[in-house]
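Notes to accompany the following structure.
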Amino acid sequence: MSEVIEPNEEGIKRAAEIIKSGNIVAFPTETVYGLGANGFDSEAVKKIFEAKGRPGDNPLILHIAHKDDFDKIAKSYPSYVKVMMEKFWPGPLSMIVLANESVPKAVTAGLDTVAIRMPSLKLARDFIDACGVPIAAPSANISGRPSPTTFDDVYYDLSKKDVPIIKGDDTEIGLESTVVLCTSYPPIILRPGKITREEIAKEVGDCLIDMKTKDKPLSPGQKYGHYMASKPTVLMDIEPKDTDEYLDKLNLNGIYILSEQNRKRDNSIVIGDYEKPEEASHRYFHALRDADKMDGDIIIVQAFKKDRIGLALFERMMKSSKHRILEDKNEDWIW
């Protein structure tokens, strides 16, 4: 069973000792819980992949406690990277730059680039600082499952693997960081998150977005199945009122993840206002886990408005449904 580490000075010291011994620790951030190892220790990093069942060609993000640590990892980068760093760090932004020779290939999946992030959660930074090295970390879940946003989520997935866990609060954001390729101009968002294309473009002049699946991923989330419940999941990308009309025609033994604007149904979980995706983003992954434990054959998810963090939420919903999306209330849909 997992060792539960309290989020205090003594607990941080204990967690850092585990990292320094070449082992792994799950820890909270403002986005989701991460599963961390010494980012300069290839053997320790391999334990992350083993615990998660994560494919070895899926790169990791290095987490740092101080902005000055960036240049200990990066080989070179465009000047606008410093602008983004000053504006968005600490925070939910991971920047991909050329890696220097100190970064193991186990972290980069054999690439010459590495993603770097400085979390805004003080507990996460204190933990990283106590370790004295960058912490390589993906989300602290079994690979393919919804990312963990609560201590209980992490414990459910990793306790049988004896992974120590820092017991923090529920995460603030609930979706992983925005990942941006910063090797040339303009920067390119490879994984959307709370920090948007518009916000980045405002600071550096332009920003592109590329969410296509890649055979050789540059960023986490570009190749493999993610965020999936064990039950089949379907996304309905139509207005709540039209979703209601459509569902009335079906005789499904469903579990429903809905907006406040949907008509209340039996066996449903309401995660927020359709017009305000921030709350739904915070609750979606945990709702998927709850839905998986409910009686029903299929999980039916209501899409939310796609502005601000809503684009990132929609991307996660698409992946959790394996792109099974209903976009037209008149469309025939076969499960």
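Ligands are numbered from 1 in the order shown, residues from 1 within each chain, and chains are lettered A, B, ... in the order they appear in the structure tokens.
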
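The strand (DSSP E or B) portion of stretch 62-117 of chain A consists of A:Leu62, A:His63, A:Ala74, A:Lys75, A:Ser76, A:Leu93, A:Ser94, A:Met95, A:Ile96, A:Val97, A:Leu98, A:Ala99, A:Thr113, A:Val114, A:Ala115, A:Ile116, A:Arg117, with states taken from DSSP on the backbone.
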
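By only C-alpha atoms, and with residues fewer than 5 positions from stretch 187-191 of chain A along its chain excluded, the set lying at most 9 Å from it is Tyr80, Val81, Glu176, Ser177, Thr178, Val179, Val180, Leu181, Cys182, Thr196, Arg197, Ile200, Ala201, Val204, Asp206, Cys207, Leu208, Ile209, Asp210, Met211, Lys212, Leu218, Ser219, Pro220, Gly221, Gln222, Ala312 and Glu315 of chain A.
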
Please produce a file of the residues just selected, as a CSV table (one decimal), in the first residue's frame, where the atoms kept are N, CA, C and O atoms.
```
chain,number,residue,atom,x,y,z
A,80,TYR,N,11.5,35.1,-27.2
A,80,TYR,CA,10.1,35.3,-26.7
A,80,TYR,C,9.8,34.4,-25.5
A,80,TYR,O,8.8,34.6,-24.8
A,81,VAL,N,10.6,33.3,-25.3
A,81,VAL,CA,10.4,32.4,-24.2
A,81,VAL,C,10.5,33.1,-22.9
A,81,VAL,O,9.7,32.8,-22.0
A,176,GLU,N,-4.6,19.3,-17.4
A,176,GLU,CA,-3.2,19.5,-17.5
A,176,GLU,C,-2.8,20.8,-18.1
A,176,GLU,O,-3.6,21.5,-18.7
A,177,SER,N,-1.5,21.1,-18.0
A,177,SER,CA,-1.0,22.4,-18.5
A,177,SER,C,-1.1,22.5,-20.0
A,177,SER,O,-1.1,21.6,-20.8
A,178,THR,N,-1.1,23.8,-20.5
A,178,THR,CA,-0.9,24.1,-21.9
A,178,THR,C,0.5,23.8,-22.2
A,178,THR,O,1.4,24.2,-21.5
A,179,VAL,N,0.7,23.0,-23.3
A,179,VAL,CA,2.1,22.7,-23.8
A,179,VAL,C,2.3,23.4,-25.1
A,179,VAL,O,1.5,23.3,-26.1
A,180,VAL,N,3.4,24.2,-25.1
A,180,VAL,CA,3.7,25.0,-26.3
A,180,VAL,C,5.1,24.7,-26.8
A,180,VAL,O,6.1,24.7,-26.1
A,181,LEU,N,5.2,24.4,-28.1
A,181,LEU,CA,6.5,24.2,-28.8
A,181,LEU,C,7.1,25.6,-29.1
A,181,LEU,O,6.6,26.4,-29.8
A,182,CYS,N,8.3,25.8,-28.5
A,182,CYS,CA,9.0,27.1,-28.5
A,182,CYS,C,10.4,27.0,-29.1
A,182,CYS,O,11.3,27.6,-28.6
A,196,THR,N,-4.5,30.2,-23.0
A,196,THR,CA,-5.0,30.1,-24.3
A,196,THR,C,-4.1,30.6,-25.4
A,196,THR,O,-3.2,31.4,-25.1
A,197,ARG,N,-4.4,30.3,-26.6
A,197,ARG,CA,-3.7,30.8,-27.8
A,197,ARG,C,-3.8,32.3,-27.8
A,197,ARG,O,-2.8,33.0,-28.1
A,200,ILE,N,-1.4,33.9,-25.2
A,200,ILE,CA,0.0,33.9,-25.7
A,200,ILE,C,0.3,34.8,-26.8
A,200,ILE,O,1.3,35.6,-26.8
A,201,ALA,N,-0.6,34.9,-27.8
A,201,ALA,CA,-0.4,35.8,-28.9
A,201,ALA,C,-0.4,37.2,-28.5
A,201,ALA,O,0.4,38.1,-29.0
A,204,VAL,N,3.3,37.7,-27.3
A,204,VAL,CA,4.5,37.5,-28.2
A,204,VAL,C,4.2,37.8,-29.7
A,204,VAL,O,5.0,37.6,-30.6
A,206,ASP,N,2.1,36.4,-32.0
A,206,ASP,CA,1.3,35.3,-32.7
A,206,ASP,C,1.5,34.0,-32.0
A,206,ASP,O,2.4,33.8,-31.2
A,207,CYS,N,0.6,33.1,-32.3
A,207,CYS,CA,0.6,31.7,-31.7
A,207,CYS,C,-0.3,30.8,-32.5
A,207,CYS,O,-1.4,31.2,-32.9
A,208,LEU,N,0.3,29.7,-32.9
A,208,LEU,CA,-0.5,28.7,-33.7
A,208,LEU,C,-1.0,27.6,-32.7
A,208,LEU,O,-0.6,27.5,-31.6
A,209,ILE,N,-1.8,26.7,-33.3
A,209,ILE,CA,-2.2,25.5,-32.5
A,209,ILE,C,-2.3,24.3,-33.4
A,209,ILE,O,-2.7,24.4,-34.6
A,210,ASP,N,-1.8,23.2,-32.9
A,210,ASP,CA,-1.7,21.9,-33.6
A,210,ASP,C,-2.1,20.8,-32.7
A,210,ASP,O,-1.2,20.4,-31.9
A,211,MET,N,-3.3,20.3,-32.7
A,211,MET,CA,-3.7,19.2,-31.8
A,211,MET,C,-3.8,17.9,-32.5
A,211,MET,O,-4.4,16.9,-32.0
A,212,LYS,N,-3.1,17.7,-33.7
A,212,LYS,CA,-3.2,16.5,-34.4
A,212,LYS,C,-2.4,15.4,-33.7
A,212,LYS,O,-1.4,15.6,-33.1
A,218,LEU,N,5.8,15.0,-29.8
A,218,LEU,CA,6.7,16.0,-29.1
A,218,LEU,C,6.2,16.4,-27.7
A,218,LEU,O,7.0,16.9,-27.0
A,219,SER,N,5.0,16.1,-27.5
A,219,SER,CA,4.3,16.5,-26.2
A,219,SER,C,3.5,15.4,-25.7
A,219,SER,O,3.0,14.5,-26.5
A,220,PRO,N,3.4,15.3,-24.4
A,220,PRO,CA,2.4,14.3,-23.8
A,220,PRO,C,1.0,14.6,-24.4
A,220,PRO,O,0.6,15.7,-24.7
A,221,GLY,N,0.3,13.5,-24.6
A,221,GLY,CA,-1.1,13.6,-25.1
A,221,GLY,C,-1.3,13.7,-26.6
A,221,GLY,O,-2.4,13.8,-27.1
A,222,GLN,N,-0.2,13.5,-27.4
A,222,GLN,CA,-0.3,13.6,-28.8
A,222,GLN,C,-0.5,12.3,-29.6
A,222,GLN,O,-0.7,12.3,-30.8
A,312,ALA,N,-9.7,23.4,-24.3
A,312,ALA,CA,-9.0,22.3,-23.6
A,312,ALA,C,-9.9,21.3,-23.1
A,312,ALA,O,-9.6,20.1,-23.2
A,315,GLU,N,-11.1,19.2,-26.0
A,315,GLU,CA,-10.1,18.3,-26.4
A,315,GLU,C,-10.0,17.0,-25.5
A,315,GLU,O,-9.9,15.9,-26.0
```

Using only C-alpha atoms: which of A:Met294, A:Cys131, A:Leu121, A:Val103 has the shortest distance to A:Asp266: A:Met294

12 Å contact set for A:Leu288, only C-alpha atoms, chain neighbours under 2 positions out, as a PyMOL selection string: chain A and resi 145-149+153+227-234+255-258+268-271+280-286+290-294+298-301+316-317+320-321

Sel. of helix (DSSP H, G or I) residues, stretch 202-334 of chain A, as a VMD selection string: chain A and resid 202 to 204 240 to 248 277 to 292 310 to 320

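Picture a line from atom CA of A:Tyr77 to atom CA of A:Val97; it runs 5.8 Å.
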